[in-house]
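What follows is run_10.txt (compact mmCIF, C-alpha atoms).
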```txt
# COMPACT_ATOMS: atom_id res chain seq x y z
CA MET T 69 91.18 68.02 2.22
CA ASP T 70 93.20 71.13 2.91
CA ASP T 71 96.86 71.18 3.84
CA THR T 72 97.01 71.79 7.59
CA ASP T 73 100.43 73.44 7.24
CA VAL T 74 98.94 76.42 5.39
CA VAL T 75 96.02 77.05 7.76
CA PRO T 76 96.86 79.80 10.25
CA PRO T 77 96.25 78.76 13.89
CA ALA T 78 93.37 81.20 14.47
CA ALA T 79 91.55 80.07 11.31
CA LYS T 80 92.16 76.44 12.26
CA LEU T 81 90.55 77.00 15.65
CA VAL T 82 87.41 78.51 14.10
CA ARG T 83 87.25 75.79 11.43
CA ASP T 84 87.66 73.01 14.00
CA PHE T 85 85.00 74.55 16.24
CA ILE T 86 82.49 74.55 13.38
CA ASN T 87 83.44 70.96 12.57
CA THR T 88 82.45 69.74 16.02
CA TYR T 89 79.25 68.78 14.22
CA GLU T 90 79.38 66.83 10.96
CA PRO T 91 76.01 67.23 9.19
CA GLN T 92 76.70 64.53 6.61
CA VAL T 93 76.69 61.78 9.24
CA ASP T 94 74.77 63.69 11.96
CA GLN T 95 77.71 63.37 14.36
CA GLU T 96 77.69 65.81 17.27
CA SER T 97 80.80 66.22 19.43
CA LEU T 98 79.41 68.79 21.87
CA THR T 99 76.80 66.56 23.49
CA THR T 100 77.36 67.34 27.18
CA PRO T 101 78.96 70.03 29.36
CA SER T 102 81.94 67.74 29.94
CA ALA T 103 82.35 67.13 26.18
CA LEU T 104 82.30 70.89 25.56
CA SER T 105 84.73 71.66 28.39
CA GLY T 106 87.00 68.84 27.19
CA TRP T 107 87.07 70.23 23.65
CA LEU T 108 87.77 73.76 24.89
CA ALA T 109 90.40 72.63 27.41
CA GLU T 110 92.19 70.56 24.76
CA ARG T 111 92.66 73.79 22.79
CA ARG T 112 93.68 75.73 25.92
CA LEU T 113 90.58 77.91 25.86
CA LEU T 114 89.59 76.71 29.35
CA PRO T 115 91.36 75.26 32.38
CA GLU T 116 90.94 71.48 32.48
CA ASN T 117 88.87 71.60 35.68
CA ALA T 118 86.43 74.26 34.43
CA GLN T 119 82.76 73.46 34.97
CA LEU T 120 80.21 74.20 32.28
CA ASP T 121 76.45 73.63 32.18
CA PRO T 122 73.79 72.62 29.62
CA GLU T 123 73.06 76.28 28.84
CA ASN T 124 76.71 76.69 27.80
CA VAL T 125 76.35 73.70 25.46
CA ALA T 126 73.23 75.21 23.88
CA ALA T 127 75.01 78.56 23.46
CA ALA T 128 78.08 76.88 21.94
CA VAL T 129 75.90 75.06 19.39
CA THR T 130 74.12 78.33 18.54
CA LEU T 131 77.44 80.10 18.05
CA ARG T 132 78.78 77.25 15.94
CA GLU T 133 75.78 77.04 13.62
CA GLY T 134 75.69 80.81 13.24
CA LEU T 135 79.34 80.75 12.22
CA ARG T 136 78.60 77.91 9.80
CA ALA T 137 75.98 80.17 8.18
CA VAL T 138 78.52 83.01 7.93
CA LEU T 139 81.03 80.68 6.25
CA LEU T 140 78.33 79.55 3.85
CA ARG T 141 78.14 83.19 2.74
CA HIS T 142 81.93 83.19 2.33
CA ALA T 143 81.40 80.38 -0.19
CA GLY T 144 78.94 82.55 -2.12
CA HIS T 145 75.69 80.93 -1.00
CA ALA T 146 72.57 82.19 0.70
CA ALA T 147 72.70 81.49 4.41
CA ASP T 148 70.14 80.94 7.13
CA GLY T 149 69.52 84.48 8.39
CA SER T 150 67.90 83.20 11.58
CA ALA T 151 71.09 81.30 12.49
CA ILE T 152 73.11 84.50 12.13
CA GLU T 153 70.53 86.45 14.14
CA LYS T 154 70.75 83.87 16.94
CA LEU T 155 74.55 84.07 16.74
CA ASN T 156 74.38 87.83 17.29
CA GLU T 157 71.88 87.45 20.15
CA THR T 158 74.12 84.91 21.89
CA LEU T 159 77.19 87.11 21.45
CA ALA T 160 75.25 90.04 22.94
CA GLU T 161 74.83 87.99 26.12
CA LEU T 162 78.60 87.35 26.23
CA PRO T 163 80.06 90.86 25.93
CA LEU T 164 83.60 91.38 24.70
CA ARG T 165 86.15 94.08 25.31
CA LEU T 166 89.10 95.43 23.39
CA THR T 167 92.42 95.15 25.23
CA PHE T 168 95.96 96.28 24.46
CA ALA T 169 99.04 94.49 25.78
CA ASP T 170 102.08 96.21 27.26
CA GLY T 171 104.90 96.65 24.75
CA SER T 172 102.71 95.84 21.78
CA SER T 173 100.82 97.96 19.30
CA GLY T 174 98.40 95.11 18.68
CA TYR T 175 95.09 94.49 20.36
CA ARG T 176 92.88 91.55 21.10
CA LEU T 177 89.31 90.76 22.00
CA SER T 178 88.60 89.21 25.36
CA SER T 179 85.59 88.42 27.47
CA ALA T 180 84.08 91.19 29.55
CA THR T 181 82.83 88.51 31.97
CA ASP T 182 84.83 86.12 34.12
CA THR T 183 82.72 83.00 33.56
CA PRO T 184 84.62 80.02 32.09
CA PHE T 185 82.37 79.87 29.04
CA GLY T 186 82.57 83.64 28.52
CA LEU T 187 86.38 83.47 28.63
CA ALA T 188 86.39 80.67 26.04
CA VAL T 189 84.03 82.59 23.73
CA GLY T 190 86.26 85.64 24.07
CA GLN T 191 89.18 83.61 22.74
CA LEU T 192 87.08 82.26 19.86
CA ALA T 193 86.06 85.82 19.02
CA ASP T 194 89.71 86.87 19.14
CA ALA T 195 90.53 84.03 16.71
CA ILE T 196 88.01 85.57 14.29
CA ARG T 197 89.67 88.96 14.79
CA ALA T 198 93.10 87.45 14.13
CA SER T 199 91.79 85.64 11.03
CA THR T 200 90.35 88.87 9.70
CA GLN T 201 93.62 90.66 10.38
CA ASP T 202 95.82 88.05 8.64
CA GLY T 203 93.46 87.69 5.66
CA SER T 204 92.38 84.12 6.37
CA TRP T 205 88.81 84.86 7.54
CA LEU T 206 87.27 84.97 4.05
CA ARG T 207 89.15 81.77 3.15
CA LEU T 208 87.12 79.91 5.76
CA LYS T 209 84.11 78.37 3.98
CA VAL T 210 81.70 75.50 4.24
CA CYS T 211 81.27 72.84 1.58
CA SER T 212 78.77 73.63 -1.18
CA ARG T 213 77.31 70.13 -1.02
CA ASP T 214 73.96 70.47 0.80
CA THR T 215 74.40 67.25 2.76
CA CYS T 216 77.98 68.04 3.84
CA ARG T 217 78.51 71.64 4.98
CA TRP T 218 81.93 70.72 6.43
CA ALA T 219 84.06 73.79 7.19
CA PHE T 220 87.33 74.06 5.29
CA TYR T 221 90.13 76.49 4.55
CA ASP T 222 90.34 77.60 0.92
CA ALA T 223 94.06 77.73 0.21
CA SER T 224 93.57 78.13 -3.54
CA ARG T 225 95.24 81.15 -5.11
CA ASN T 226 92.03 82.68 -6.46
CA GLN T 227 89.86 81.57 -3.49
CA VAL T 228 87.18 79.89 -5.61
CA ARG T 229 87.20 76.45 -4.00
CA ARG T 230 83.66 75.23 -3.35
CA TRP T 231 84.00 71.80 -1.76
CA CYS T 232 85.73 70.42 1.30
CA SER T 233 87.25 67.76 -0.97
CA MET T 234 87.41 67.64 -4.74
CA ALA T 235 87.81 63.86 -4.64
CA GLY T 236 84.73 63.43 -2.44
CA CYS T 237 82.05 66.12 -2.50
CA GLY T 238 83.34 67.91 -5.60
CA ASN T 239 83.37 64.72 -7.63
CA HIS T 240 79.91 63.77 -6.35
CA ILE T 241 78.41 67.13 -7.39
CA LYS T 242 80.09 67.02 -10.80
CA MET T 243 78.78 63.50 -11.40
CA GLN T 244 75.26 64.64 -10.44
CA ARG T 245 75.49 67.56 -12.86
CA ALA T 246 76.80 65.36 -15.66
CA TYR T 247 73.98 62.87 -15.09
CA ALA T 248 71.36 65.64 -15.11
CA ALA T 249 72.82 67.10 -18.31
CA ARG T 250 72.83 63.67 -19.99
CA LYS T 251 69.21 63.03 -18.99
CA GLY T 252 68.28 66.50 -20.27
CA ARG T 253 69.86 65.77 -23.66
CA GLN T 254 68.05 62.41 -23.81
CA ARG T 255 64.72 64.11 -23.11
CA GLN T 256 65.37 66.71 -25.79
CA ALA T 257 66.34 64.05 -28.31
CA THR T 258 63.24 62.01 -27.46
CA ALA T 259 60.99 65.06 -27.77
CA ALA T 260 62.55 65.94 -31.14
CA THR T 261 61.79 62.47 -32.52
CA GLY T 262 58.31 62.36 -30.96
CA GLY T 263 59.16 59.29 -28.91
CA SER T 264 58.72 58.46 -25.25
CA SER T 265 61.28 59.56 -22.63
CA ALA T 266 60.73 56.37 -20.62
```

Before anything else, please render the file you have as structure tokens.
Amino acid sequence: MDDTDVVPPAAKLVRDFINTYEPQVDQESLTTPSALSGWLAERRLLPENAQLDPENVAAAVTLREGLRAVLLRHAGHAADGSAIEKLNETLAELPLRLTFADGSSGYRLSSATDTPFGLAVGQLADAIRASTQDGSWLRLKVCSRDTCRWAFYDASRNQVRRWCSMAGCGNHIKMQRAYAARKGRQRQATAATGGSSA
């Protein structure tokens, strides 16, 4: 896995949000409004007593899976266009605004609404802005293994990492490829001698 020390805080927030669902084991963390509010409050994106509803959970899942599709593109793969379209539709319902702070030349994105969920989404959007600004956004990717799709931060110098873990998913894919190549050579050898491939 990646070294947490090198992952900028904004990128870590986005990565961890996407990893609230682990496809490989079908484990969902955002199952209820209280689970969502707990996750957001733990990261100081919401006050601890904030009330959310099932529609907020559905929107959070849509945002998360849309971002997973975007990070799949970062890894150089085709992504589910409908997931990205739904991401954009959900963001359109949660408008953002650009704000400047006193005494600073920097800016941030924030929610244009005062709903608890809107405020939390504004901070997630600002984390994406910050990641883009510090160069970490394109280093956020999802694992190339179809059954995994775990989000990770590519800290490699040339940014060509493809798997969340070389020891786990990377090794599994390489073993699959080696097995397929070996079977292919066996079939070719069998065909050349006129024998059976069974």

- Message: Could you check which residues have any atom within 10 Å of (75.0, 76.8, 14.8), counting all atoms listed in the file with coordinates taken straight from the file, and then list them as a PyMOL selection string?
- Response: chain T and resi 86+89+126-138+148+151-152+154-155

message = Given all atoms listed in the file as the basis, pick out the residue of T:Leu120, T:Val93, T:Leu140, T:Ala103 nearest to Ala188 of chain T.
response =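 Nearest to Ala188 of chain T: T:Leu120.
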
Practice item. One decimal, Å: what's the distance from atom CA of Val125 of chain T over to atom CA of Pro101 of chain T, could you say? Key: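 Between atom CA of Val125 of chain T and atom CA of Pro101 of chain T the gap works out to 6.0 Å.
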
The residue from T:Gly190, T:Gly174, T:Pro184, T:Pro76 with the smallest atom-to-atom distance to Pro115 of chain T, counting all atoms listed in the file, is T:Pro184

**Message:** Nearest residue to Asp222 of chain T out of T:Thr261, T:Ser199, T:Gln95, T:Ser204, using only C-alpha atoms?
**Reply:**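 Once distances to Asp222 of chain T are computed over only C-alpha atoms, the minimum belongs to T:Ser204.
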
Leaving out segment 211-219 of chain T and any residue of its chain fewer than 6 positions from it, which residues lie within 7 Å of it when counting only C-alpha atoms, given as a tab-separated table (two decimals) with C-alpha atoms, in the frame of the given file?
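This went into part-v3.tsv:
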```tsv
chain	number	residue	atom	x	y	z
T	83	ARG	CA	87.25	75.79	11.43
T	86	ILE	CA	82.49	74.55	13.38
T	87	ASN	CA	83.44	70.96	12.57
T	90	GLU	CA	79.38	66.83	10.96
T	91	PRO	CA	76.01	67.23	9.19
T	92	GLN	CA	76.70	64.53	6.61
T	230	ARG	CA	83.66	75.23	-3.35
T	231	TRP	CA	84.00	71.80	-1.76
T	232	CYS	CA	85.73	70.42	1.30
T	237	CYS	CA	82.05	66.12	-2.50
```

Could you tell me how far atom CA of Glu153 of chain T sits from atom CA of Gly203 of chain T, in Å to one decimal place?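 Taking atom CA of Gly203 of chain T and atom CA of Glu153 of chain T, their separation equals 24.5 Å.
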